[in-house]
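S.K.: structure_35.txt is reproduced below (compact mmCIF, C-alpha atoms).
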```txt
# COMPACT_ATOMS: atom_id res chain seq x y z
CA THR A 1 5.89 -16.81 18.04
CA GLN A 2 8.87 -14.53 17.84
CA LEU A 3 8.00 -10.87 18.38
CA LEU A 4 10.09 -7.73 18.19
CA GLU A 5 9.32 -4.47 19.96
CA GLN A 6 10.83 -1.13 19.02
CA SER A 7 11.05 2.08 20.98
CA PRO A 8 10.37 4.87 20.74
CA GLN A 9 7.57 4.57 18.22
CA PHE A 10 8.05 8.17 17.07
CA LEU A 11 11.01 10.52 17.46
CA SER A 12 11.33 14.10 16.29
CA ILE A 13 14.64 15.86 16.82
CA GLN A 14 16.63 18.83 15.57
CA GLU A 15 19.48 18.49 13.12
CA GLY A 16 22.76 17.85 14.94
CA GLU A 17 21.26 15.98 17.90
CA ASN A 18 22.15 12.42 18.83
CA LEU A 19 19.58 9.66 19.27
CA THR A 20 19.24 5.99 20.11
CA VAL A 21 16.45 3.63 19.11
CA TYR A 22 15.91 0.19 20.56
CA CYS A 23 14.77 -3.21 19.38
CA ASN A 24 13.84 -5.82 21.98
CA SER A 25 12.55 -9.37 22.05
CA SER A 26 12.09 -12.23 24.46
CA SER A 27 13.37 -14.56 21.74
CA VAL A 28 16.91 -15.32 20.65
CA PHE A 29 17.78 -14.62 17.03
CA SER A 30 20.68 -15.98 15.03
CA SER A 31 21.22 -12.47 13.68
CA LEU A 32 19.45 -9.16 13.51
CA GLN A 33 19.11 -6.64 10.72
CA TRP A 34 18.31 -2.94 10.61
CA TYR A 35 16.51 -1.39 7.66
CA ARG A 36 15.47 2.13 6.75
CA GLN A 37 12.28 2.70 4.80
CA GLU A 38 11.24 5.94 3.15
CA PRO A 39 7.67 6.74 2.07
CA GLY A 40 6.59 4.89 -1.04
CA GLU A 41 9.65 2.65 -1.07
CA GLY A 42 10.64 -0.73 0.24
CA PRO A 43 13.00 -1.14 3.21
CA VAL A 44 16.72 -0.88 2.50
CA LEU A 45 19.18 -2.92 4.53
CA LEU A 46 21.58 -0.91 6.69
CA VAL A 47 23.43 -3.61 8.60
CA THR A 48 23.35 -7.20 9.80
CA VAL A 49 24.72 -8.07 13.25
CA VAL A 50 25.49 -11.69 14.00
CA THR A 51 27.55 -12.12 17.13
CA GLY A 52 26.26 -11.36 20.62
CA GLY A 53 27.87 -8.14 21.85
CA GLU A 54 28.85 -7.13 18.32
CA VAL A 55 29.16 -3.44 17.51
CA LYS A 56 29.17 -2.17 13.94
CA LYS A 57 29.72 1.39 12.80
CA LEU A 58 28.47 2.82 9.53
CA LYS A 59 29.59 6.44 9.32
CA ARG A 60 27.39 8.22 11.89
CA LEU A 61 25.37 5.09 12.70
CA THR A 62 26.41 2.64 15.41
CA PHE A 63 24.63 -0.69 15.77
CA GLN A 64 24.91 -3.00 18.74
CA PHE A 65 23.65 -6.56 19.20
CA GLY A 66 22.94 -7.61 22.78
CA ASP A 67 25.07 -10.27 24.42
CA ALA A 68 22.10 -12.63 24.59
CA ARG A 69 21.11 -11.88 20.96
CA LYS A 70 17.66 -10.76 22.02
CA ASP A 71 18.01 -7.02 21.60
CA SER A 72 19.77 -4.38 19.57
CA SER A 73 20.22 -0.64 19.44
CA LEU A 74 20.90 1.92 16.76
CA HIS A 75 22.65 5.14 17.70
CA ILE A 76 22.85 8.07 15.30
CA THR A 77 25.34 10.85 15.93
CA ALA A 78 24.71 14.38 14.67
CA ALA A 79 21.46 13.50 12.93
CA GLN A 80 20.76 15.06 9.55
CA PRO A 81 17.45 15.62 7.72
CA GLY A 82 18.48 12.86 5.33
CA ASP A 83 18.25 10.40 8.23
CA THR A 84 14.49 10.88 8.34
CA GLY A 85 12.58 7.65 7.78
CA LEU A 86 11.15 4.52 9.34
CA TYR A 87 13.80 2.38 11.03
CA LEU A 88 12.92 -1.29 11.18
CA CYS A 89 14.69 -4.09 12.96
CA ALA A 90 14.26 -7.65 11.72
CA GLY A 91 15.19 -10.76 13.62
CA VAL A 92 16.55 -13.68 11.65
CA GLY A 93 15.60 -17.06 13.07
CA ASN A 94 16.56 -20.52 12.08
CA ASN A 95 13.65 -21.69 9.98
CA TYR A 96 13.06 -20.68 6.40
CA GLY A 97 10.03 -18.57 5.82
CA GLN A 98 9.71 -17.38 9.36
CA ASN A 99 13.29 -16.31 9.15
CA PHE A 100 12.48 -12.65 9.10
CA VAL A 101 10.39 -11.15 11.87
CA PHE A 102 10.06 -7.39 11.67
CA GLY A 103 9.44 -4.96 14.47
CA PRO A 104 6.83 -2.19 14.08
CA GLY A 105 9.50 0.43 13.44
CA THR A 106 10.63 3.78 14.83
CA ARG A 107 9.57 6.75 12.75
CA LEU A 108 12.34 9.35 12.91
CA SER A 109 11.96 12.93 11.82
CA VAL A 110 15.02 15.18 11.77
CA LEU A 111 14.15 18.82 11.47
CA PRO A 112 16.56 21.27 9.81
CA GLY B 1 21.35 -4.63 -12.82
CA ALA B 2 17.77 -3.64 -12.11
CA GLY B 3 16.35 -3.99 -8.65
CA VAL B 4 13.15 -5.70 -7.57
CA SER B 5 10.14 -4.31 -9.38
CA GLN B 6 6.48 -4.64 -8.51
CA SER B 7 3.33 -3.87 -10.44
CA PRO B 8 0.96 -2.25 -10.23
CA ARG B 9 2.28 0.34 -7.77
CA TYR B 10 -1.27 1.23 -6.75
CA LYS B 11 -4.44 -0.81 -6.97
CA VAL B 12 -7.94 0.13 -5.95
CA ALA B 13 -10.39 -2.75 -5.79
CA LYS B 14 -14.01 -2.93 -4.82
CA ARG B 15 -14.78 -5.36 -2.05
CA GLY B 16 -15.28 -8.79 -3.49
CA GLN B 17 -13.04 -8.32 -6.53
CA ASP B 18 -10.02 -10.49 -7.22
CA VAL B 19 -6.59 -8.87 -7.59
CA ALA B 20 -3.19 -10.06 -8.82
CA LEU B 21 0.04 -8.42 -7.75
CA ARG B 22 3.26 -9.07 -9.64
CA CYS B 23 6.84 -9.19 -8.44
CA ASP B 24 9.93 -9.28 -10.66
CA PRO B 25 12.90 -10.20 -8.47
CA ILE B 26 16.50 -9.45 -9.23
CA SER B 27 17.63 -11.77 -12.01
CA GLY B 28 19.17 -14.95 -10.65
CA HIS B 29 17.94 -14.50 -7.10
CA VAL B 30 16.90 -17.83 -5.66
CA SER B 31 14.67 -16.81 -2.78
CA LEU B 32 11.57 -14.64 -2.91
CA PHE B 33 9.45 -13.35 -0.03
CA TRP B 34 6.07 -11.64 0.14
CA TYR B 35 5.16 -9.35 3.04
CA GLN B 36 2.10 -7.36 4.02
CA GLN B 37 2.67 -3.96 5.60
CA ALA B 38 -0.27 -2.25 7.24
CA LEU B 39 -0.19 1.51 7.72
CA GLY B 40 2.25 2.45 10.46
CA GLN B 41 3.45 -1.11 10.98
CA GLY B 42 6.43 -3.21 10.04
CA PRO B 43 6.21 -5.80 7.27
CA GLU B 44 4.59 -9.10 8.18
CA PHE B 45 5.72 -12.29 6.48
CA LEU B 46 3.25 -13.93 4.11
CA THR B 47 5.09 -16.58 2.12
CA TYR B 48 8.50 -17.73 0.87
CA PHE B 49 9.74 -19.37 -2.33
CA GLN B 50 13.01 -21.04 -3.09
CA ASN B 51 13.13 -21.13 -6.87
CA GLU B 52 9.66 -22.39 -7.87
CA ALA B 53 8.99 -24.22 -4.62
CA GLN B 54 6.79 -22.55 -2.05
CA LEU B 55 8.51 -23.65 1.13
CA ASP B 56 6.45 -21.70 3.62
CA LYS B 57 3.01 -20.16 3.30
CA SER B 58 2.20 -20.04 6.97
CA GLY B 59 1.81 -16.25 6.95
CA LEU B 60 -0.99 -16.14 4.40
CA PRO B 61 -3.96 -14.80 6.40
CA SER B 62 -6.66 -16.86 4.72
CA ASP B 63 -7.37 -19.22 1.85
CA ARG B 64 -8.28 -16.18 -0.22
CA PHE B 65 -4.55 -15.51 -0.59
CA PHE B 66 -2.56 -17.51 -3.09
CA ALA B 67 0.99 -17.07 -4.39
CA GLU B 68 2.91 -18.73 -7.18
CA ARG B 69 6.30 -18.61 -8.83
CA PRO B 70 5.96 -21.20 -11.60
CA GLU B 71 9.31 -20.71 -13.34
CA GLY B 72 11.34 -19.65 -10.36
CA SER B 73 11.54 -16.00 -11.32
CA VAL B 74 8.43 -13.79 -11.51
CA SER B 75 5.93 -14.27 -8.71
CA THR B 76 2.27 -13.38 -8.44
CA LEU B 77 0.29 -12.85 -5.26
CA LYS B 78 -3.42 -13.28 -5.83
CA ILE B 79 -6.15 -12.22 -3.45
CA GLN B 80 -9.64 -13.48 -4.12
CA ARG B 81 -12.83 -11.78 -2.95
CA THR B 82 -10.94 -8.85 -1.45
CA GLN B 83 -12.03 -7.46 1.91
CA GLN B 84 -11.37 -4.05 3.44
CA GLU B 85 -8.92 -5.56 5.91
CA ASP B 86 -6.77 -6.58 2.94
CA SER B 87 -5.90 -2.93 2.36
CA ALA B 88 -2.15 -2.62 2.86
CA VAL B 89 1.15 -2.33 1.05
CA TYR B 90 2.33 -5.66 -0.31
CA LEU B 91 6.11 -5.92 -0.46
CA CYS B 92 8.21 -8.40 -2.36
CA ALA B 93 11.84 -9.13 -1.53
CA SER B 94 14.47 -11.39 -3.06
CA THR B 95 17.78 -12.77 -1.88
CA VAL B 96 20.60 -14.14 -3.95
CA ASP B 97 20.72 -17.50 -2.22
CA ARG B 98 18.98 -19.46 0.50
CA GLY B 99 21.95 -19.07 2.83
CA LEU B 100 22.31 -15.32 2.53
CA TYR B 101 20.01 -12.96 4.29
CA GLU B 102 20.39 -9.60 2.55
CA GLN B 103 16.90 -8.99 1.25
CA TYR B 104 16.35 -6.57 -1.60
CA PHE B 105 12.87 -5.10 -1.47
CA GLY B 106 10.67 -3.79 -4.21
CA PRO B 107 8.74 -0.53 -3.81
CA GLY B 108 5.53 -2.37 -2.95
CA THR B 109 1.99 -2.35 -4.24
CA ARG B 110 -0.46 -0.26 -2.26
CA LEU B 111 -3.83 -2.02 -2.31
CA THR B 112 -6.93 -0.13 -1.26
CA VAL B 113 -10.17 -2.05 -0.99
CA THR B 114 -13.27 0.13 -1.01
```
Please rewrite the model in this file as structure tokens.
M.R.:
Amino acid sequence: TQLLEQSPQFLSIQEGENLTVYCNSSSVFSSLQWYRQEPGEGPVLLVTVVTGGEVKKLKRLTFQFGDARKDSSLHITAAQPGDTGLYLCAGVGNNYGQNFVFGPGTRLSVLP
Amino acid sequence: GAGVSQSPRYKVAKRGQDVALRCDPISGHVSLFWYQQALGQGPEFLTYFQNEAQLDKSGLPSDRFFAERPEGSVSTLKIQRTQQEDSAVYLCASTVDRGLYEQYFGPGTRLTVT
């Protein structure tokens, strides 16, 4: 069974601070996705990383996929209250159905 | 066009009742997924359809759970004889094709079993 762990579980910071959240597994994934979920809504895809060592930047968000494709990180620069939400990583395997394995999420709160 | 819609948004059921949850995927999307999300947790896979074919139902927690997508578009997740442990948000997601992995999620149905 492929499992994903995320840390920290909760994070509360002030507006303008930087932060990094982590997604780790003992399994190798063909790719990894990051989603953000707000209360009462479904997750929304932020990025997909495919290649080991890949780094993708999306405005103030930087995503990195580990060389061994077992872990990933999300770094947010100068966090804003609008970044508040549940950040989920999802590992994409090779078999349909079990393709998407989600981590438990990091709940981020950015205080103004 | 419209995104993924789910109905009802909220459902309260007494233990032992049957419930049916509906998902309308984005028009033309081939693949459809159902997930269960417990409070404070990430989504857990339940089942997957490619068009009308249910290719994987290994995540369904018991034989009380049943899903169908008879015409390859709308899908229904049915839970028979609901139990308190079934209380969760049920999410539906669709993708445009089997080879592409950008899932579009609906808002979910929050099921509370009393």
S.K.: So how many Å separate CA of Ser87 in chain B and CA of Phe45 in chain B, to one decimal?
M.R.: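 It comes out at 15.5 Å.
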S.K.: Residues of chain B near chain A: apply a cut-off of 8 Å, count all atoms listed in the file, and supply the list as a PDB file with C-alpha atoms, in the frame of the given file.
M.R.:
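The file below, result.pdb, is the result:
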```pdb
ATOM      1  CA  PHE B  33       9.450 -13.350  -0.030  1.00  0.00           C
ATOM      2  CA  GLY B  40       2.250   2.450  10.460  1.00  0.00           C
ATOM      3  CA  GLN B  41       3.450  -1.110  10.980  1.00  0.00           C
ATOM      4  CA  GLY B  42       6.430  -3.210  10.040  1.00  0.00           C
ATOM      5  CA  PRO B  43       6.210  -5.800   7.270  1.00  0.00           C
ATOM      6  CA  GLU B  44       4.590  -9.100   8.180  1.00  0.00           C
ATOM      7  CA  PHE B  45       5.720 -12.290   6.480  1.00  0.00           C
ATOM      8  CA  THR B  47       5.090 -16.580   2.120  1.00  0.00           C
ATOM      9  CA  TYR B  48       8.500 -17.730   0.870  1.00  0.00           C
ATOM     10  CA  LEU B  55       8.510 -23.650   1.130  1.00  0.00           C
ATOM     11  CA  ASP B  56       6.450 -21.700   3.620  1.00  0.00           C
ATOM     12  CA  LYS B  57       3.010 -20.160   3.300  1.00  0.00           C
ATOM     13  CA  LEU B  91       6.110  -5.920  -0.460  1.00  0.00           C
ATOM     14  CA  GLU B 102      20.390  -9.600   2.550  1.00  0.00           C
ATOM     15  CA  GLN B 103      16.900  -8.990   1.250  1.00  0.00           C
ATOM     16  CA  TYR B 104      16.350  -6.570  -1.600  1.00  0.00           C
ATOM     17  CA  PHE B 105      12.870  -5.100  -1.470  1.00  0.00           C
ATOM     18  CA  GLY B 106      10.670  -3.790  -4.210  1.00  0.00           C
ATOM     19  CA  PRO B 107       8.740  -0.530  -3.810  1.00  0.00           C
ATOM     20  CA  GLY B 108       5.530  -2.370  -2.950  1.00  0.00           C
TER      21      GLY B 108
END
```
S.K.: For CA of Ile13 in chain A and CA of Lys57 in chain A, quote the distance in Å rounded to one decimal.
M.R.: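 Value for the CA of Ile13 in chain A-CA of Lys57 in chain A distance: 21.3 Å.
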S.K.: If you measure from CA of Arg98 in chain B to CA of Ser31 in chain B, what distance in Å do you get, rounded to one decimal?
M.R.: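 If I compute the distance from CA of Arg98 in chain B to CA of Ser31 in chain B, I get 6.0 Å.
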S.K.: Residues near Ser62 in chain B, anyone? I mean within 12 Å using all atoms listed in the file, not counting same-chain ones fewer than 3 positions away, as an NGL selection string.
M.R.: :B and (46 or 57-59 or 65-67 or 78-83 or 85-86)
S.K.: Quick one: residues within 8 Å of range 73-79 of chain A, all atoms listed in the file, excluding same-chain residues fewer than 6 positions away - as number ranges by chain?
M.R.: A: 14-23, 60-65, 110
S.K.: Can you tell me which residues surround range 1-12 of chain B at a distance of at most 8 Å, considering all atoms listed in the file, apart from same-chain residues fewer than 6 positions away, and format the answer as JSON, numbers by chain?
M.R.: {"B": [21, 22, 23, 24, 25, 26, 92, 93, 94, 104, 105, 106, 107, 108, 109, 110, 111, 112, 113, 114]}
S.K.: Between B:Leu60, B:Ala88, B:Phe49, B:Asp18, which one has atoms that come closest to Leu32 in chain B, using all atoms listed in the file?
M.R.: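 When distances to Leu32 in chain B are compared using all atoms listed in the file, the smallest one comes from B:Phe49.
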